[in-house]
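Visitor: The structure file upload-v2.txt (compact mmCIF, C-alpha atoms and all ligand atoms) is provided below.
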# COMPACT_ATOMS: atom_id res chain seq x y z
CA MET D 73 -6.63 3.72 -15.13
CA SER D 74 -3.87 3.04 -17.64
CA ASP D 75 -4.57 2.94 -21.32
CA SER D 76 -1.37 2.37 -23.23
CA PRO D 77 -1.08 4.72 -26.19
CA THR D 78 0.90 3.43 -29.10
CA ALA D 79 2.09 4.98 -32.30
CA THR D 80 -0.89 5.99 -34.35
CA ALA D 81 -1.37 7.26 -37.83
CA GLU D 82 -3.29 10.21 -36.40
CA ALA D 83 -1.82 13.62 -37.02
CA LYS D 84 -2.52 14.55 -33.42
CA LEU D 85 0.29 14.34 -30.91
CA PRO D 86 -0.08 11.94 -27.92
CA LYS D 87 -0.27 14.95 -25.59
CA ASP D 88 -3.26 16.39 -27.51
CA ILE D 89 -5.08 13.04 -27.60
CA ALA D 90 -4.57 12.62 -23.84
CA ALA D 91 -5.54 16.23 -23.11
CA GLU D 92 -8.88 15.78 -24.89
CA MET D 93 -9.62 12.96 -22.42
CA GLY D 94 -8.44 14.92 -19.39
CA MET D 95 -5.41 12.67 -19.17
CA VAL D 96 -1.64 12.82 -19.40
CA ASN D 97 0.95 10.49 -20.91
CA VAL D 98 3.45 9.05 -18.46
CA GLN D 99 6.30 6.66 -19.08
CA ILE D 100 6.78 4.18 -16.23
CA ASP D 101 9.82 1.93 -16.39
CA GLY D 102 10.04 2.39 -20.14
CA VAL D 103 6.35 1.86 -20.99
CA TRP D 104 3.97 4.69 -21.89
CA HIS D 105 0.58 4.87 -20.17
CA ARG D 106 -2.22 7.39 -19.83
CA PHE D 107 -3.54 8.54 -16.44
CA PRO D 108 -6.14 11.09 -15.38
CA LYS D 109 -4.63 14.46 -14.52
CA GLY D 110 -3.96 14.77 -10.79
CA THR D 111 -3.18 11.07 -10.25
CA ARG D 112 -0.51 10.60 -7.61
CA MET D 113 2.66 9.07 -9.00
CA ILE D 114 2.48 6.24 -6.46
CA GLU D 115 -1.07 5.38 -7.56
CA ALA D 116 -0.10 5.55 -11.22
CA CYS D 117 2.73 3.07 -10.58
CA ARG D 118 0.48 0.83 -8.53
CA SER D 119 -2.19 0.75 -11.21
CA VAL D 120 0.28 -0.64 -13.75
CA LYS D 121 1.69 -3.12 -11.23
CA ARG D 122 5.02 -1.36 -10.71
CA ALA D 123 5.31 -1.73 -6.95
CA VAL D 124 6.59 1.25 -4.97
CA PRO D 125 7.18 0.55 -1.26
CA TYR D 126 5.81 3.09 1.22
CA TYR D 127 4.97 3.61 4.89
CA CYS D 128 3.38 6.97 5.63
CA TYR D 129 1.16 7.20 2.55
CA HIS D 130 -2.47 6.16 2.96
CA PRO D 131 -4.92 6.92 0.15
CA LYS D 132 -7.63 7.99 2.63
CA LEU D 133 -5.45 10.39 4.64
CA SER D 134 -3.52 13.59 3.97
CA VAL D 135 -0.03 13.12 2.54
CA PRO D 136 2.83 14.36 4.74
CA GLY D 137 5.60 12.68 2.71
CA ASN D 138 7.65 11.96 5.80
CA CYS D 139 8.93 8.38 5.50
CA ARG D 140 10.76 8.85 2.14
CA MET D 141 10.36 5.17 1.30
CA CYS D 142 8.36 5.82 -1.86
CA MET D 143 11.17 7.52 -3.75
CA VAL D 144 11.37 7.07 -7.51
CA GLN D 145 13.42 8.69 -10.23
CA MET D 146 11.48 11.32 -12.11
CA GLY D 147 12.09 12.98 -15.44
CA MET D 148 10.49 15.66 -17.60
CA PRO D 149 11.21 16.91 -21.11
CA PRO D 150 13.92 19.56 -21.20
CA ARG D 151 12.47 23.02 -21.76
CA PRO D 152 13.10 24.08 -25.40
CA THR D 153 14.88 27.32 -26.02
CA PRO D 154 12.50 30.17 -26.92
CA GLY D 155 11.26 29.93 -30.49
CA GLN D 156 12.30 26.28 -30.87
CA GLU D 157 9.89 23.36 -31.26
CA PRO D 158 10.58 20.47 -28.87
CA THR D 159 12.10 17.37 -30.41
CA ARG D 160 9.93 14.24 -30.49
CA ASP D 161 10.48 10.55 -31.10
CA GLU D 162 8.67 8.61 -33.81
CA ASN D 163 5.66 8.17 -31.49
CA GLY D 164 5.37 11.88 -30.76
CA TYR D 165 6.84 11.86 -27.25
CA GLU D 166 9.49 14.32 -26.14
CA PRO D 167 12.80 12.96 -24.78
CA ILE D 168 12.86 12.68 -20.97
CA GLY D 169 15.53 14.52 -19.01
CA TRP D 170 16.06 12.44 -15.85
CA MET D 171 16.59 14.30 -12.59
CA PRO D 172 19.78 13.23 -10.80
CA ARG D 173 18.02 13.10 -7.41
CA PRO D 174 14.98 11.04 -6.38
CA ALA D 175 11.47 12.34 -5.75
CA ILE D 176 8.78 11.00 -3.43
CA SER D 177 5.95 9.49 -5.43
CA CYS D 178 3.20 9.88 -2.80
CA ALA D 179 3.12 13.67 -2.72
CA ASN D 180 3.67 14.38 -6.43
CA THR D 181 1.21 14.01 -9.25
CA VAL D 182 1.78 12.90 -12.82
CA ALA D 183 2.29 15.42 -15.64
CA GLU D 184 2.34 15.28 -19.42
CA ASN D 185 5.36 13.44 -20.85
CA MET D 186 6.67 12.63 -17.35
CA GLY D 187 9.00 9.67 -16.88
CA ILE D 188 9.12 7.54 -13.73
CA ARG D 189 11.67 4.88 -12.89
CA THR D 190 10.77 2.61 -9.98
CA THR D 191 13.99 0.61 -10.15
CA GLY D 192 17.64 1.27 -10.85
CA GLU D 193 20.76 1.88 -8.83
CA LEU D 194 19.72 5.32 -7.56
CA ILE D 195 16.36 4.06 -6.27
CA GLU D 196 17.80 0.91 -4.75
CA LYS D 197 20.43 2.96 -2.86
CA CYS D 198 17.73 5.36 -1.61
CA ARG D 199 15.50 2.58 -0.32
CA GLU D 200 18.45 0.86 1.30
CA GLY D 201 19.36 4.13 3.03
CA VAL D 202 15.82 4.77 4.27
CA MET D 203 15.57 1.21 5.58
CA GLU D 204 18.90 1.57 7.35
CA PHE D 205 17.74 4.75 9.11
CA LEU D 206 14.42 3.18 10.08
CA LEU D 207 16.13 0.14 11.54
CA ILE D 208 18.94 1.94 13.38
CA ASN D 209 17.00 2.22 16.61
CA HIS D 210 14.40 -0.41 15.92
CA PRO D 211 14.26 -3.26 18.46
CA LEU D 212 14.82 -6.79 17.24
CA ASP D 213 11.44 -7.82 18.57
CA CYS D 214 10.09 -9.76 15.61
CA PRO D 215 9.92 -13.18 17.33
CA ILE D 216 7.76 -11.73 20.12
CA CYS D 217 6.07 -8.97 18.15
CA ASP D 218 2.40 -9.39 17.39
CA GLN D 219 2.80 -7.66 14.02
CA ALA D 220 5.19 -10.30 12.69
CA GLY D 221 3.74 -11.80 9.55
CA GLU D 222 1.91 -8.64 8.53
CA CYS D 223 4.61 -6.05 9.25
CA ARG D 224 5.59 -3.68 6.46
CA LEU D 225 8.95 -3.00 8.09
CA GLN D 226 9.73 -6.69 8.27
CA GLU D 227 8.64 -7.28 4.67
CA GLN D 228 10.42 -4.26 3.24
CA SER D 229 13.63 -4.85 5.16
CA VAL D 230 13.75 -8.24 3.43
CA GLY D 231 12.87 -6.68 0.08
CA TYR D 232 14.93 -3.49 0.20
CA GLY D 233 17.20 -3.52 3.27
CA ARG D 234 20.94 -4.16 3.49
CA GLY D 235 20.50 -7.36 5.46
CA VAL D 236 23.28 -6.35 7.85
CA SER D 237 23.43 -3.52 10.41
CA ARG D 238 26.43 -1.20 10.52
CA PHE D 239 25.20 0.44 13.72
CA VAL D 240 27.44 -0.36 16.70
CA ASP D 241 26.20 2.21 19.27
CA MET D 242 23.52 1.88 21.90
CA LYS D 243 19.99 2.08 20.49
CA VAL D 244 17.70 4.84 21.76
CA LYS D 245 15.36 3.49 24.43
CA LYS D 246 11.71 4.50 24.40
CA PRO D 247 8.56 3.54 26.34
CA LYS D 248 7.31 0.01 25.67
CA ASN D 249 3.99 -1.63 26.47
CA VAL D 250 2.29 1.71 27.08
CA ASP D 251 -1.39 1.63 28.02
CA ILE D 252 -2.69 4.55 25.93
CA GLY D 253 -6.33 3.53 25.87
CA PRO D 254 -8.73 0.73 26.74
CA ARG D 255 -8.26 -1.14 23.48
CA ILE D 256 -4.83 -0.13 22.16
CA ARG D 257 -1.30 -0.69 23.44
CA LEU D 258 1.72 1.32 22.26
CA ASP D 259 5.32 0.20 21.80
CA ASP D 260 7.21 3.41 21.04
CA GLU D 261 10.46 1.66 20.11
CA ARG D 262 8.71 0.05 17.15
CA CYS D 263 7.11 3.28 15.93
CA ILE D 264 8.60 4.52 12.64
CA MET D 265 6.94 7.96 13.01
CA CYS D 266 4.85 7.64 9.88
CA SER D 267 2.06 9.68 11.60
CA ARG D 268 -0.73 7.63 10.03
CA CYS D 269 -2.38 7.09 13.44
CA ILE D 270 -2.18 10.81 14.26
CA ARG D 271 -3.72 11.76 10.93
CA PHE D 272 -6.46 9.15 11.22
CA MET D 273 -7.54 10.38 14.66
CA ASP D 274 -7.47 13.97 13.44
CA GLU D 275 -8.93 13.65 9.95
CA VAL D 276 -11.31 10.68 10.15
CA ALA D 277 -12.25 10.08 13.78
CA GLY D 278 -12.33 13.82 14.52
CA ASP D 279 -10.60 13.25 17.86
CA PRO D 280 -7.00 14.55 17.55
CA VAL D 281 -5.68 12.83 20.65
CA LEU D 282 -2.31 11.53 19.36
CA GLY D 283 0.86 13.49 18.67
CA PHE D 284 4.64 13.42 18.66
CA THR D 285 6.87 14.83 21.39
CA GLN D 286 10.68 15.28 21.42
CA ARG D 287 12.82 15.57 18.30
CA GLY D 288 15.04 13.59 15.94
CA THR D 289 15.69 10.01 16.98
CA HIS D 290 13.99 10.78 20.32
CA THR D 291 10.65 11.57 18.65
CA THR D 292 7.99 9.71 20.59
CA LEU D 293 4.32 9.07 19.88
CA THR D 294 2.04 9.79 22.80
CA VAL D 295 -1.49 10.77 23.80
CA HIS D 296 -2.16 14.38 24.68
CA PRO D 297 -1.84 15.17 28.41
CA GLY D 298 -4.87 14.04 30.36
CA ARG D 299 -6.31 12.16 27.41
CA LEU D 300 -6.65 8.51 26.42
CA LEU D 301 -7.04 6.91 23.01
CA ASP D 302 -10.55 5.81 23.92
CA ASN D 303 -12.44 6.85 20.80
CA ASN D 304 -14.81 4.23 19.36
CA TYR D 305 -12.70 4.16 16.19
CA SER D 306 -9.34 3.67 17.95
CA LEU D 307 -8.71 0.14 16.62
CA ASN D 308 -8.44 1.48 13.09
CA THR D 309 -5.08 2.91 14.17
CA ALA D 310 -3.82 -0.63 14.79
CA ASP D 311 -4.99 -1.60 11.30
CA ILE D 312 -3.14 1.20 9.57
CA CYS D 313 -0.01 1.19 11.74
CA PRO D 314 2.49 -0.37 9.34
CA VAL D 315 4.49 -1.87 12.22
CA GLY D 316 3.78 -3.40 15.62
CA ALA D 317 3.76 -0.09 17.50
CA LEU D 318 -0.01 -0.03 17.95
CA THR D 319 -1.64 -3.36 18.68
CA SER D 320 -5.12 -4.39 19.75
CA ASN D 321 -5.46 -5.50 23.37
CA ASP D 322 -8.16 -7.89 22.27
CA PHE D 323 -6.15 -9.65 19.56
CA ARG D 324 -2.53 -9.38 20.61
CA PHE D 325 -0.86 -12.70 21.43
CA GLN D 326 -4.04 -14.63 20.64
CA MET D 327 -2.96 -16.05 17.30
CA ARG D 328 -0.14 -15.72 14.76
CA VAL D 329 -1.62 -14.11 11.68
CA TRP D 330 -0.27 -16.71 9.24
CA PHE D 331 -2.56 -19.31 10.82
CA LEU D 332 -5.67 -17.23 10.14
CA LYS D 333 -8.11 -17.79 7.32
CA GLU D 334 -9.70 -14.60 5.94
CA THR D 335 -13.36 -14.58 4.92
CA PRO D 336 -15.02 -11.47 3.45
CA SER D 337 -18.33 -10.62 5.11
CA ILE D 338 -20.65 -7.81 6.29
CA ASP D 339 -20.94 -6.37 9.80
CA VAL D 340 -24.31 -7.20 11.36
CA ASN D 341 -24.34 -4.70 14.22
CA CYS D 342 -26.29 -1.96 12.47
CA GLY D 343 -27.86 -0.90 9.22
CA THR D 344 -24.64 0.54 7.79
CA GLY D 345 -23.30 -2.91 6.95
CA CYS D 346 -19.58 -2.14 7.13
CA ASN D 347 -17.66 -4.51 4.91
CA ILE D 348 -15.44 -6.72 7.04
CA THR D 349 -12.93 -9.54 6.94
CA ILE D 350 -13.41 -12.32 9.48
CA HIS D 351 -10.16 -13.93 10.60
CA THR D 352 -10.65 -17.50 11.82
CA ARG D 353 -8.71 -20.55 12.77
CA GLY D 354 -10.77 -23.72 12.84
CA ASN D 355 -14.21 -22.72 14.05
CA THR D 356 -13.00 -19.82 16.17
CA ILE D 357 -13.12 -16.16 15.20
CA HIS D 358 -9.98 -14.39 16.36
CA ARG D 359 -10.51 -10.93 14.98
CA ILE D 360 -12.56 -8.81 12.62
CA THR D 361 -11.06 -6.06 10.49
CA PRO D 362 -12.69 -3.57 8.11
CA ARG D 363 -12.65 -4.39 4.40
CA GLN D 364 -12.48 -1.52 1.95
CA ASN D 365 -15.74 -0.44 0.33
CA ASP D 366 -15.70 3.22 -0.61
CA ALA D 367 -19.48 3.29 -1.05
CA VAL D 368 -20.12 2.12 2.53
CA ASN D 369 -17.36 2.30 5.11
CA SER D 370 -14.21 3.36 3.24
CA ASN D 371 -11.44 1.48 5.12
CA TRP D 372 -12.85 1.86 8.64
CA MET D 373 -15.24 0.44 11.23
CA PRO D 374 -16.20 1.20 14.84
CA ASP D 375 -14.49 -0.68 17.70
CA SER D 376 -17.79 -1.63 19.33
CA HIS D 377 -18.86 -3.47 16.21
CA ARG D 378 -15.60 -5.20 15.49
CA LEU D 379 -15.31 -6.55 19.04
CA ASN D 380 -18.91 -7.72 19.25
CA PHE D 381 -18.06 -11.13 17.75
CA HIS D 382 -17.18 -12.51 21.20
CA TYR D 383 -20.86 -13.26 21.87
CA ILE D 384 -20.60 -16.04 19.28
CA ASP D 385 -18.51 -18.14 21.66
CA GLY D 386 -20.06 -16.62 24.79
CA ASP D 387 -21.82 -18.65 27.49
CA ALA D 388 -25.02 -16.62 27.09
CA ARG D 389 -25.55 -17.74 23.52
CA LEU D 390 -28.37 -20.18 22.82
CA THR D 391 -26.82 -22.94 20.73
CA GLU D 392 -29.54 -25.61 20.85
CA PRO D 393 -33.34 -25.70 21.22
CA MET D 394 -34.64 -25.52 24.79
CA ILE D 395 -38.02 -26.70 26.07
CA LEU D 396 -39.62 -25.22 29.18
CA GLU D 397 -40.84 -28.01 31.45
CA GLY D 398 -41.91 -27.51 35.03
CA GLY D 399 -40.42 -24.03 35.04
CA ILE D 400 -37.00 -25.28 33.89
CA HIS D 401 -35.46 -25.08 30.42
CA ARG D 402 -33.99 -28.33 29.19
CA ALA D 403 -32.03 -28.98 26.01
CA ALA D 404 -33.89 -30.74 23.20
CA THR D 405 -33.22 -31.95 19.69
CA TRP D 406 -34.53 -30.00 16.71
CA PRO D 407 -37.03 -32.76 15.69
CA GLU D 408 -38.44 -32.83 19.23
CA ALA D 409 -38.68 -29.04 19.44
CA LEU D 410 -40.36 -28.77 16.04
CA THR D 411 -42.83 -31.59 16.78
CA LYS D 412 -43.81 -29.98 20.08
CA THR D 413 -44.14 -26.54 18.49
CA THR D 414 -46.36 -27.88 15.69
CA ALA D 415 -48.53 -29.75 18.18
CA ALA D 416 -48.87 -26.67 20.40
CA LEU D 417 -49.78 -24.41 17.47
CA SER D 418 -52.45 -26.86 16.24
CA HIS D 419 -54.61 -25.84 19.24
CA TYR D 420 -54.95 -22.31 17.89
CA ALA D 421 -56.80 -20.78 14.97
CA PRO D 422 -54.52 -19.11 12.36
CA SER D 423 -55.86 -15.71 13.41
CA GLU D 424 -54.56 -16.38 16.94
CA ILE D 425 -50.97 -17.02 15.77
CA ALA D 426 -48.31 -14.36 15.17
CA ILE D 427 -44.65 -14.69 14.25
CA ILE D 428 -42.07 -12.42 15.85
CA ALA D 429 -39.08 -12.53 13.52
CA SER D 430 -35.98 -10.35 13.35
CA ALA D 431 -34.40 -7.88 10.96
CA ARG D 432 -31.12 -9.55 11.88
CA MET D 433 -32.23 -12.47 9.71
CA THR D 434 -30.87 -13.00 6.22
CA ASN D 435 -33.03 -12.37 3.17
CA GLU D 436 -33.54 -16.13 2.80
CA GLU D 437 -34.71 -16.50 6.40
CA LEU D 438 -37.08 -13.55 6.05
CA PHE D 439 -38.50 -15.13 2.90
CA LEU D 440 -39.09 -18.37 4.83
CA VAL D 441 -40.83 -16.45 7.64
CA ARG D 442 -43.26 -15.03 5.12
CA ALA D 443 -43.74 -18.48 3.56
CA LEU D 444 -44.37 -19.99 7.01
CA ALA D 445 -46.91 -17.31 7.83
CA GLY D 446 -48.66 -18.07 4.53
CA LYS D 447 -48.67 -21.80 5.31
CA ILE D 448 -50.14 -21.18 8.76
CA GLY D 449 -52.61 -18.73 7.31
CA THR D 450 -51.73 -15.78 9.51
CA GLY D 451 -50.97 -12.30 8.29
CA ALA D 452 -49.41 -11.37 11.65
CA PHE D 453 -45.64 -11.32 11.43
CA THR D 454 -43.22 -8.64 12.54
CA THR D 455 -39.64 -7.76 13.30
CA VAL D 456 -38.41 -6.18 16.53
CA PRO D 457 -37.01 -2.64 16.21
CA ARG D 458 -33.58 -2.01 17.72
CA GLU D 459 -32.73 1.65 17.82
CA GLY D 460 -29.68 3.52 19.09
CA GLU D 461 -27.83 6.73 18.46
CA ASN D 462 -26.39 7.57 15.04
CA ASP D 463 -22.75 8.48 15.75
CA GLY D 464 -22.40 10.63 12.63
CA LEU D 465 -19.75 8.30 11.21
CA LEU D 466 -20.52 4.63 10.62
CA ILE D 467 -22.97 3.58 13.33
CA ALA D 468 -26.56 3.87 12.09
CA ALA D 469 -29.50 4.54 14.41
CA ASP D 470 -31.10 1.32 13.11
CA ARG D 471 -29.18 -1.41 14.92
CA ASN D 472 -30.82 -4.11 12.82
CA PRO D 473 -28.63 -4.98 9.85
CA ASN D 474 -31.37 -6.08 7.49
CA THR D 475 -34.40 -3.83 7.89
CA THR D 476 -34.12 -3.09 4.17
CA GLY D 477 -34.29 -6.82 3.39
CA ALA D 478 -37.41 -7.19 5.53
CA LYS D 479 -39.00 -4.20 3.82
CA LEU D 480 -38.33 -5.54 0.35
CA ILE D 481 -39.13 -9.20 0.99
CA TRP D 482 -42.25 -8.60 3.05
CA GLY D 483 -43.35 -5.65 0.90
CA SER D 484 -43.75 -3.54 4.03
CA GLU D 485 -42.65 0.05 4.63
CA ASN D 486 -42.23 -0.65 8.35
CA PRO D 487 -41.76 -4.36 9.11
CA SER D 488 -41.73 -3.75 12.89
CA ALA D 489 -44.99 -1.75 12.87
CA PRO D 490 -47.27 -4.70 13.84
CA LEU D 491 -45.22 -5.43 17.00
CA ALA D 492 -47.02 -3.00 19.34
CA SER D 493 -50.53 -4.21 18.51
CA LEU D 494 -49.43 -7.89 18.59
CA SER D 495 -47.87 -7.32 21.99
CA ALA D 496 -51.09 -5.68 23.26
CA LYS D 497 -53.21 -8.54 21.94
CA ALA D 498 -50.90 -11.13 23.50
CA SER D 499 -51.05 -9.35 26.86
CA ALA D 500 -54.85 -9.15 26.66
CA ALA D 501 -55.03 -12.87 25.84
CA VAL D 502 -53.09 -13.87 28.94
CA PRO D 503 -55.66 -14.73 31.61
S1 LIG D 601 7.34 -3.97 14.20
FE1 LIG D 601 7.85 -5.40 12.55
S2 LIG D 601 10.07 -5.29 12.34
FE2 LIG D 601 9.53 -4.37 14.30
S3 LIG D 601 9.69 -6.02 15.80
FE3 LIG D 601 7.56 -6.00 15.10
S4 LIG D 601 7.49 -7.46 13.38
FE4 LIG D 601 9.65 -6.95 13.76
S1 LIG D 602 2.40 4.25 15.97
FE1 LIG D 602 2.34 3.26 13.96
S2 LIG D 602 0.90 4.50 12.76
FE2 LIG D 602 1.50 5.71 14.53
S3 LIG D 602 3.22 6.96 13.86
FE3 LIG D 602 4.07 5.11 14.78
S4 LIG D 602 4.36 3.68 13.11
FE4 LIG D 602 2.98 5.27 12.37
S1 LIG D 603 5.05 7.13 1.43
FE1 LIG D 603 5.90 8.80 0.39
S2 LIG D 603 7.11 9.78 1.85
FE2 LIG D 603 6.15 8.16 2.95
Translate this file's structure into structure tokens.
Guide:
Amino acid sequence: MSDSPTATAEAKLPKDIAAEMGMVNVQIDGVWHRFPKGTRMIEACRSVKRAVPYYCYHPKLSVPGNCRMCMVQMGMPPRPTPGQEPTRDENGYEPIGWMPRPAISCANTVAENMGIRTTGELIEKCREGVMEFLLINHPLDCPICDQAGECRLQEQSVGYGRGVSRFVDMKVKKPKNVDIGPRIRLDDERCIMCSRCIRFMDEVAGDPVLGFTQRGTHTTLTVHPGRLLDNNYSLNTADICPVGALTSNDFRFQMRVWFLKETPSIDVNCGTGCNITIHTRGNTIHRITPRQNDAVNSNWMPDSHRLNFHYIDGDARLTEPMILEGGIHRAATWPEALTKTTAALSHYAPSEIAIIASARMTNEELFLVRALAGKIGTGAFTTVPREGENDGLLIAADRNPNTTGAKLIWGSENPSAPLASLSAKASAAVP
């Protein structure tokens, strides 16, 4: 996003050059950059690696500006007196008049010749003050809190806090371990009232079921009367909660996050293909979280898909070849199973053999199915359709993840089309 302008021999002023490109010049911590008009100050800073801490801001949600953690010092050129040309430095920039008070960087956008300071005594004092307020009533739960290790409050209190509490009074008590829905648990004492969860349920999930009650330090997050947080996108609130106030019933207390290895992957529960991160320790999957891809799933994914990984370690999963003998399935080795299959198939003409494959297979597996069919000499191979309801958000009606792969690799518009006639032929062939 940034494109550092330097002194040029051009007669044009930096502001005119930037304006022609739909951009503005902004000085961040002493260095000039160009950004598209309308860029949020926090995003401008982030794009040039000047970290600004924040809690309530989320790029995919509305911006309430309520946590005040993202404060920076802002400056603009002083307005020239009427009839006077503004003064400029040798590079064509106007001098910056720094405001004596801070501004939040999440809710303000950059402007021509703006200055931003992300460090300095004023900013450090502000952050220290915000952290002190946030921690005044916060429980010292970290050793038993499931968020520890990925908690913004924990990280930023180390980075920006005072290190010592001056608060000697009783902390405000709030509900803990509240069952607000089938998959999410709420600890109100840990909530820092950032409202991200409320905005997500309202603006993305379209189910505005969360809200605040009470006022001031007694402000409490809760579900609306008679409602539960039971939406199929509820676990996204645990992802975006910057603290351990909202945790997943499925994952909490299962594993400390610093032991987990993260592997980027794709959800296989439907044709949308949400981008995901698989969190494992050893050979065990402990959780799945959405991975940002703005062209597919933004930052979100449905609960039903993220929790479906449990079948991998489930008892019902077939993990080795089985051979049916005397009405009973017994475990076999792969060489034995393949030898028996080849021998059994050799009794049939190629035209009597069909392959029922799956659009859950990878592209490579689908390619091998086609190659196998060619080797056998049969043109009868198909996938099995799996249809459901499109939820209007991220769950596609096609519950197979790779129908497109089957279409492209098999050169077929409808790879499951042969299934009905193959099924009829098989039924007719059974004596
Ligand atoms: S939410 Fe963060 S700071 Fe609070 S107890 Fe949990 S880990 Fe500690
Ligand atoms: S529960 Fe978490 S996401 Fe919701 S308002 Fe509190 S801190 Fe923010
Ligand atoms: S992130 Fe800007 S006010 Fe919260």
Visitor: Would you compute the box with edges along x, y and z of the file around region 407-420 of chain D, including every atom the file lists for it and 5 Å extra on each side, and give its centre and edge lengths in Å to one decimal, as AutoDock Vina command-line options?
Guide:
--center_x -46.0 --center_y -27.6 --center_z 18.0 --size_x 27.9 --size_y 20.5 --size_z 14.7
Visitor: Around ligand LIG 603 (chain D), which protein and nucleic acid residues have at least one atom no more than 8 Å from it, if we count only C-alpha atoms and all ligand atoms? List them as a list of chain:residue names.
Guide: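 Answer in the requested format: D:Pro125, D:Tyr126, D:Tyr127, D:Cys128, D:Tyr129, D:His130, D:Val135, D:Pro136, D:Gly137, D:Asn138, D:Cys139, D:Arg140, D:Met141, D:Cys142, D:Met143, D:Ile176, D:Ser177, D:Cys178, D:Ala179, D:Cys266.
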Visitor: For the contact check between chain D and ligand LIG 601 (chain D), emit one row per residue of chain D within 8 Å, containing the shortest atom pair and the distance in Å rounded to one decimal, counting only C-alpha atoms and all ligand atoms, chain then rising number order, as CSV.
Guide:
residue,atom,partner,partner_atom,distance
D:His210,CA,D:LIG601,FE2,6.5
D:Pro211,CA,D:LIG601,S3,6.0
D:Leu212,CA,D:LIG601,S3,5.4
D:Asp213,CA,D:LIG601,S3,3.7
D:Cys214,CA,D:LIG601,FE4,3.4
D:Pro215,CA,D:LIG601,FE4,7.2
D:Ile216,CA,D:LIG601,S3,7.4
D:Cys217,CA,D:LIG601,FE3,4.5
D:Asp218,CA,D:LIG601,FE3,6.6
D:Gln219,CA,D:LIG601,S4,4.7
D:Ala220,CA,D:LIG601,S4,3.7
D:Gly221,CA,D:LIG601,S4,6.9
D:Glu222,CA,D:LIG601,S4,7.5
D:Cys223,CA,D:LIG601,FE1,4.7
D:Arg224,CA,D:LIG601,FE1,6.7
D:Leu225,CA,D:LIG601,S2,5.0
D:Gln226,CA,D:LIG601,S2,4.3
D:Arg262,CA,D:LIG601,S1,5.2
D:Cys263,CA,D:LIG601,S1,7.5
D:Pro314,CA,D:LIG601,S1,7.8
D:Val315,CA,D:LIG601,S1,4.1
D:Gly316,CA,D:LIG601,S1,3.9
D:Ala317,CA,D:LIG601,S1,6.2
Visitor: What does the file look like for those residues with C-alpha atoms, as a compact mmCIF listing (two decimals), in the coordinates of the input?
Guide:
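Printed below is part16.txt as written:
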# COMPACT_ATOMS: atom_id res chain seq x y z
CA HIS D 210 14.40 -0.41 15.92
CA PRO D 211 14.26 -3.26 18.46
CA LEU D 212 14.82 -6.79 17.24
CA ASP D 213 11.44 -7.82 18.57
CA CYS D 214 10.09 -9.76 15.61
CA PRO D 215 9.92 -13.18 17.33
CA ILE D 216 7.76 -11.73 20.12
CA CYS D 217 6.07 -8.97 18.15
CA ASP D 218 2.40 -9.39 17.39
CA GLN D 219 2.80 -7.66 14.02
CA ALA D 220 5.19 -10.30 12.69
CA GLY D 221 3.74 -11.80 9.55
CA GLU D 222 1.91 -8.64 8.53
CA CYS D 223 4.61 -6.05 9.25
CA ARG D 224 5.59 -3.68 6.46
CA LEU D 225 8.95 -3.00 8.09
CA GLN D 226 9.73 -6.69 8.27
CA ARG D 262 8.71 0.05 17.15
CA CYS D 263 7.11 3.28 15.93
CA PRO D 314 2.49 -0.37 9.34
CA VAL D 315 4.49 -1.87 12.22
CA GLY D 316 3.78 -3.40 15.62
CA ALA D 317 3.76 -0.09 17.50
Visitor: Could you check the closest approach to ligand LIG 602 (chain D) for each of D:Ala403, D:Ala416, D:Ala310, D:Leu301 and tell me which residue wins, using only C-alpha atoms and all ligand atoms?
Guide: D:Ala310
Visitor: When you look at region 384-399 of chain D with a cut-off of 10 Å (counting only C-alpha atoms), what residues show up, excluding the ones that are within fewer than 3 positions of it in the same chain? I need them as number ranges by chain.
Guide: D: 355-357, 380-381, 402-410, 412-413
Visitor: Leaving out Asn321 (chain D) and any residue of its chain fewer than 3 positions from it, which residues lie within 6 Å of it when counting all atoms listed in the file, given as a list of chain:residue names?
Guide: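 Residues meeting the cut-off are D:Arg255, D:Ile256, D:Arg324.
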Visitor: Smallest atom-to-atom distance to Val276 (chain D): which of D:Arg118, D:His296, D:Lys132, D:Arg363, using all atoms listed in the file?
Guide: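 Answer, going by the shortest atom-to-atom distance: D:Lys132.
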Visitor: From the options D:Asp375, D:Asp339, D:Glu485, D:Asp259, which residue's atoms come nearest to ligand LIG 602 (chain D), counting only C-alpha atoms and all ligand atoms?
Guide: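 Closest candidate: D:Asp259.
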Visitor: Between D:Ala183, D:Ile89, D:Val236, D:Leu293, single out the one closest to ligand LIG 602 (chain D), counting only C-alpha atoms and all ligand atoms.
Guide: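 Smallest distance to ligand LIG 602 (chain D) is found for D:Leu293.
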Visitor: Do you know which residues are at most 12 Å from Asp251 (chain D) counting all atoms listed in the file, after dropping those on the same chain fewer than 6 positions away, and could you put them as a PyMOL selection string?
Guide: chain D and resi 257-260+294-295+299-302+317-321
Visitor: How many Å separate CA of Asn369 (chain D) from CA of Ile264 (chain D)?
Guide: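 A separation of 27.1 Å between them.
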Visitor: Tell me, in Å to one decimal, how far CA of Thr190 (chain D) is from CA of Gly169 (chain D).
Guide: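 Computing it gives 15.7 Å between the two atoms.
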Visitor: Enter the distance from CA of Tyr232 (chain D) to CA of Gly147 (chain D), in Å, rounded to one decimal.
Guide: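 Those two atoms sit 22.9 Å apart.
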